[in-house]
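Content type compact mmCIF, C-alpha atoms, from the file run-v2.txt:
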# COMPACT_ATOMS: atom_id res chain seq x y z
CA MET L 1 0.00 0.00 0.00
CA THR L 2 1.43 3.35 -1.06
CA PRO L 3 1.08 6.05 1.62
CA THR L 4 -0.85 9.21 0.82
CA PRO L 5 1.64 11.92 -0.23
CA ASP L 6 2.06 14.80 2.20
CA SER L 7 3.70 18.22 1.93
CA ALA L 8 7.13 16.71 2.70
CA ASP L 9 6.76 14.34 -0.25
CA ARG L 10 5.94 17.30 -2.48
CA HIS L 11 8.99 19.14 -1.08
CA ILE L 12 11.25 16.19 -1.90
CA GLU L 13 9.71 15.81 -5.36
CA ARG L 14 10.46 19.49 -6.04
CA TRP L 15 14.08 19.26 -4.83
CA LEU L 16 15.20 15.89 -6.24
CA PRO L 17 15.77 17.28 -9.75
CA VAL L 18 17.79 20.16 -8.25
CA VAL L 19 19.78 17.99 -5.81
CA PRO L 20 19.98 14.53 -7.43
CA ASP L 21 21.91 12.94 -4.52
CA LEU L 22 19.33 14.16 -1.98
CA ASP L 23 18.62 11.43 0.59
CA ALA L 24 14.82 11.39 0.44
CA ASP L 25 14.51 9.54 3.75
CA VAL L 26 16.64 12.03 5.68
CA GLU L 27 15.06 15.01 3.94
CA GLY L 28 11.59 13.58 4.53
CA ALA L 29 12.18 12.95 8.22
CA VAL L 30 13.75 16.39 8.81
CA THR L 31 11.08 18.21 6.81
CA ARG L 32 8.30 16.39 8.68
CA MET L 33 9.88 17.18 12.08
CA ILE L 34 10.20 20.84 11.14
CA ARG L 35 6.62 21.06 9.88
CA LEU L 36 5.20 19.25 12.91
CA THR L 37 7.19 21.56 15.20
CA ARG L 38 5.85 24.60 13.34
CA HIS L 39 2.31 23.24 13.58
CA LEU L 40 2.56 22.62 17.33
CA ARG L 41 4.17 26.03 17.85
CA ALA L 42 1.29 27.68 15.97
CA VAL L 43 -1.25 25.80 18.10
CA LYS L 44 0.56 26.94 21.25
CA GLU L 45 0.64 30.56 20.05
CA ARG L 46 -3.12 30.49 19.30
CA VAL L 47 -3.85 28.97 22.71
CA LEU L 48 -1.81 31.63 24.48
CA VAL L 49 -3.62 34.40 22.57
CA ASP L 50 -6.98 32.81 23.43
CA LEU L 51 -5.99 32.61 27.10
CA ASP L 52 -4.43 36.10 27.14
CA LEU L 53 -1.04 34.71 28.17
CA SER L 54 2.29 35.89 26.82
CA ALA L 55 4.88 33.28 25.91
CA HIS L 56 7.06 34.47 28.81
CA GLU L 57 4.17 34.13 31.26
CA TYR L 58 3.38 30.63 30.04
CA GLU L 59 7.05 29.55 30.13
CA THR L 60 7.36 30.76 33.71
CA LEU L 61 4.10 29.13 34.81
CA HIS L 62 5.23 25.93 33.09
CA ALA L 63 8.58 25.99 34.88
CA LEU L 64 6.82 26.54 38.20
CA ALA L 65 4.32 23.76 37.54
CA GLY L 66 7.24 21.46 36.74
CA ARG L 67 8.56 22.14 40.21
CA ARG L 68 5.23 21.18 41.77
CA GLY L 69 4.04 24.77 41.89
CA ARG L 70 6.75 26.26 44.09
CA ALA L 71 10.36 27.31 43.49
CA ALA L 72 13.06 29.77 44.38
CA PRO L 73 13.49 32.50 41.73
CA SER L 74 17.07 31.31 41.17
CA ASP L 75 15.76 27.82 40.35
CA LEU L 76 13.26 29.27 37.89
CA ALA L 77 16.03 31.30 36.29
CA ALA L 78 18.12 28.15 35.88
CA ASP L 79 15.17 26.21 34.44
CA LEU L 80 14.51 28.99 31.94
CA ALA L 81 18.21 29.58 31.18
CA MET L 82 17.92 33.21 32.29
CA ALA L 83 19.95 35.49 34.49
CA PRO L 84 18.50 35.43 38.03
CA ALA L 85 17.89 39.19 37.94
CA SER L 86 15.74 38.76 34.81
CA ILE L 87 13.28 36.45 36.52
CA THR L 88 12.14 39.23 38.86
CA ALA L 89 10.29 41.08 36.09
CA ARG L 90 8.54 37.88 35.03
CA VAL L 91 7.49 37.10 38.57
CA ASP L 92 6.29 40.68 39.08
CA THR L 93 4.10 40.42 35.97
CA LEU L 94 2.61 37.12 37.13
CA LEU L 95 2.11 38.56 40.61
CA ARG L 96 0.06 41.46 39.19
CA ARG L 97 -2.13 38.95 37.36
CA ASN L 98 -2.57 36.90 40.57
CA PHE L 99 -0.94 33.86 38.90
CA VAL L 100 1.77 33.58 41.57
CA ARG L 101 2.52 34.75 45.07
CA ARG L 102 5.76 35.22 46.95
CA ILE L 103 6.04 33.18 50.13
CA PRO L 104 8.78 32.65 52.70
CA SER L 105 11.16 29.83 51.89
CA THR L 106 10.94 26.70 54.01
CA VAL L 107 14.69 26.18 53.49
CA ASP L 108 16.17 29.60 54.19
CA ARG L 109 14.34 32.35 56.06
CA ARG L 110 16.27 35.01 54.11
CA ARG L 111 14.87 33.70 50.84
CA VAL L 112 11.47 34.05 49.19
CA ASP L 113 9.92 31.39 46.98
CA VAL L 114 7.40 31.81 44.18
CA GLU L 115 4.23 29.73 44.30
CA LEU L 116 1.47 29.17 41.74
CA THR L 117 -1.96 30.43 42.78
CA GLU L 118 -5.14 28.64 41.75
CA ALA L 119 -5.51 31.18 38.93
CA GLY L 120 -1.94 30.51 37.76
CA GLN L 121 -2.46 26.76 37.92
CA ALA L 122 -5.71 27.12 35.95
CA ALA L 123 -4.07 29.30 33.27
CA TRP L 124 -1.17 26.87 32.85
CA HIS L 125 -3.46 23.83 32.86
CA GLY L 126 -5.81 25.43 30.31
CA ALA L 127 -2.95 25.94 27.87
CA MET L 128 -1.61 22.45 28.48
CA GLU L 129 -5.00 20.84 27.90
CA VAL L 130 -5.43 22.35 24.45
CA GLN L 131 -1.86 21.63 23.40
CA GLY L 132 -2.07 18.09 24.75
CA ALA L 133 -5.33 17.47 22.90
CA GLU L 134 -3.68 18.49 19.62
CA GLU L 135 -0.63 16.31 20.30
CA HIS L 136 -2.93 13.35 20.98
CA ARG L 137 -4.94 14.11 17.85
CA LEU L 138 -1.79 14.06 15.73
CA PHE L 139 -0.28 10.97 17.30
CA GLY L 140 -3.64 9.23 17.24
CA ALA L 141 -2.69 8.40 13.64
CA LEU L 142 -0.29 5.84 15.14
CA THR L 143 -0.88 2.78 17.27
CA ALA L 144 0.59 2.70 20.77
CA THR L 145 3.36 0.42 19.49
CA GLU L 146 4.13 2.78 16.60
CA ARG L 147 4.25 5.77 18.98
CA ARG L 148 6.72 3.92 21.23
CA HIS L 149 8.82 2.93 18.23
CA LEU L 150 8.84 6.50 16.87
CA SER L 151 9.81 7.84 20.29
CA ASP L 152 12.65 5.32 20.56
CA LEU L 153 13.95 6.19 17.08
CA LEU L 154 13.83 9.91 17.79
CA ARG L 155 15.66 9.33 21.08
CA ARG L 156 18.54 7.71 19.16
CA VAL L 157 18.74 10.69 16.80
CA LEU L 158 18.50 13.21 19.66
CA LEU L 159 21.27 11.47 21.59
CA VAL L 160 23.56 12.04 18.58
CA ALA L 161 22.49 15.71 18.40
CA GLU L 162 23.15 16.17 22.13
CA GLN L 163 26.73 14.96 21.86
CA PRO L 164 29.34 17.74 21.93
Please render this file's structure as structure tokens.
Amino acid sequence: MTPTPDSADRHIERWLPVVPDLDADVEGAVTRMIRLTRHLRAVKERVLVDLDLSAHEYETLHALAGRRGRAAPSDLAADLAMAPASITARVDTLLRRNFVRRIPSTVDRRRVDVELTEAGQAAWHGAMEVQGAEEHRLFGALTATERRHLSDLLRRVLLVAEQP
């Protein structure tokens, strides 16, 4: 059974006469990854607009949620690969929107932690739900075994990319 051609197939068809030694399998895989990434990024951007969240707000809420809803600003800065001083503005913005609150640290009384509020948790969860639904819709084209196999194959490729 011949698979239904997609936009990556059309891309390869257009470029093969120009680049005769083009590896169609590599080009197809890379083109599909790029297009899927663009699609998921566009879905995320639409969701954030619909929820009136900036990308920076969402990223910070996401980092906090990944730390079970509470973290030191320095930990958030590390998670977001930002300078610690830069996280203050993000936290201040989220504080004004009642998405986070500052609370005393349980580890060091000189330190203040940032904690998600119910509103912050709801905003983050709302964005995640829509994005997750689209991811499941896309990968619903595969069986559970195919999804596991694809994930394993991509892991092998990513491990090569992550080598220095």
List every residue of region 114-162 of chain L that has an atom at most 10 Å from any atom of region 70-86 of chain L, and for each one report the closest atom pair and its distance in Å to one decimal, counting only C-alpha atoms, with rows sorted by chain and then by increasing residue number, as CSV.
residue,atom,partner,partner_atom,distance
L:Val114,CA,L:Ala71,CA,5.4
L:Glu115,CA,L:Arg70,CA,4.3
L:Leu116,CA,L:Arg70,CA,6.5
L:Thr117,CA,L:Arg70,CA,9.7
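For Val43 (chain L), the non-local neighbours within 10 Å, defined as residues at least 5 positions apart in the same chain or in other chains and counting only C-alpha atoms, are L:Thr37, L:Arg38, L:Leu48, L:Val49, L:Ala127, L:Val130, L:Gln131, L:Glu134, L:Glu135.
Taking CA of Glu27 (chain L) and CA of His11 (chain L) as the two end points, the separation is 8.9 Å.
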**Asked** What does the distance between CA of Ala63 (chain L) and CA of Gln163 (chain L) come to in Å, to one decimal place?
**Response**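 Going from CA of Ala63 (chain L) over to CA of Gln163 (chain L), I get 24.9 Å.
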**Prompt:** What separation in Å, quoted to one decimal, exists between CA of Asp23 (chain L) and CA of Thr143 (chain L)?
**Reply:**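 That distance, rounded to one decimal, is 27.1 Å.
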**Request:** Find the residue from L:Ile12, L:Ala144, L:Trp124, L:Ser151 that sits nearest to Val47 (chain L); use all atoms listed in the file when measuring.
**Result:**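 For Val47 (chain L), the nearest of the given residues is L:Trp124.
Among L:Asp21, L:Asp6, L:Glu59, L:Asp152, the residue with the shortest atom-to-atom distance to Gly120 (chain L), counting all atoms listed in the file, is L:Glu59.
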Can you list, as a short mmCIF file (atom, residue, chain, number, x, y, z; two decimals) with C-alpha atoms, in the frame of the given file, every protein, DNA or RNA residue that comes within 12 Å of Arg10 (chain L) when you count only C-alpha atoms, leaving out same-chain residues fewer than 3 positions away?
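Once everything was written out, this is part_30.cif:
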data_model
loop_
_atom_site.label_atom_id
_atom_site.label_comp_id
_atom_site.auth_asym_id
_atom_site.auth_seq_id
_atom_site.Cartn_x
_atom_site.Cartn_y
_atom_site.Cartn_z
CA THR L 4 -0.85 9.21 0.82
CA PRO L 5 1.64 11.92 -0.23
CA ASP L 6 2.06 14.80 2.20
CA SER L 7 3.70 18.22 1.93
CA GLU L 13 9.71 15.81 -5.36
CA ARG L 14 10.46 19.49 -6.04
CA TRP L 15 14.08 19.26 -4.83
CA LEU L 16 15.20 15.89 -6.24
CA ALA L 24 14.82 11.39 0.44
CA GLU L 27 15.06 15.01 3.94
CA GLY L 28 11.59 13.58 4.53
CA THR L 31 11.08 18.21 6.81
CA ARG L 32 8.30 16.39 8.68
#
**Request:** Would you mind telling me which residue in L:Val160, L:Leu94, L:Leu36, L:Val107 lies nearest to Leu138 (chain L) when using all atoms listed in the file?
**Result:** L:Leu36
May I have the centre and edge lengths, in Å to one decimal, of an axis-aligned box around the listed atoms of region 68-76 of chain L with 6 Å added to every side, as JSON?
{"center_x": 10.6, "center_y": 26.8, "center_z": 41.1, "size_x": 25.0, "size_y": 23.3, "size_z": 18.5}
At a cut-off of 12 Å, using only C-alpha atoms, what residues contact Leu95 (chain L)? Leave out same-chain residues fewer than 4 positions from it and give the result as a short mmCIF file (atom, residue, chain, number, x, y, z; two decimals) with C-alpha atoms, keeping the file's coordinate frame.
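Contents of the output file around.cif:
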data_model
loop_
_atom_site.label_atom_id
_atom_site.label_comp_id
_atom_site.auth_asym_id
_atom_site.auth_seq_id
_atom_site.Cartn_x
_atom_site.Cartn_y
_atom_site.Cartn_z
CA GLU L 57 4.17 34.13 31.26
CA THR L 60 7.36 30.76 33.71
CA LEU L 61 4.10 29.13 34.81
CA THR L 88 12.14 39.23 38.86
CA ALA L 89 10.29 41.08 36.09
CA ARG L 90 8.54 37.88 35.03
CA VAL L 91 7.49 37.10 38.57
CA PHE L 99 -0.94 33.86 38.90
CA VAL L 100 1.77 33.58 41.57
CA ARG L 101 2.52 34.75 45.07
CA ARG L 102 5.76 35.22 46.95
CA ILE L 103 6.04 33.18 50.13
CA VAL L 114 7.40 31.81 44.18
CA GLU L 115 4.23 29.73 44.30
CA LEU L 116 1.47 29.17 41.74
CA THR L 117 -1.96 30.43 42.78
CA ALA L 119 -5.51 31.18 38.93
CA GLY L 120 -1.94 30.51 37.76
#
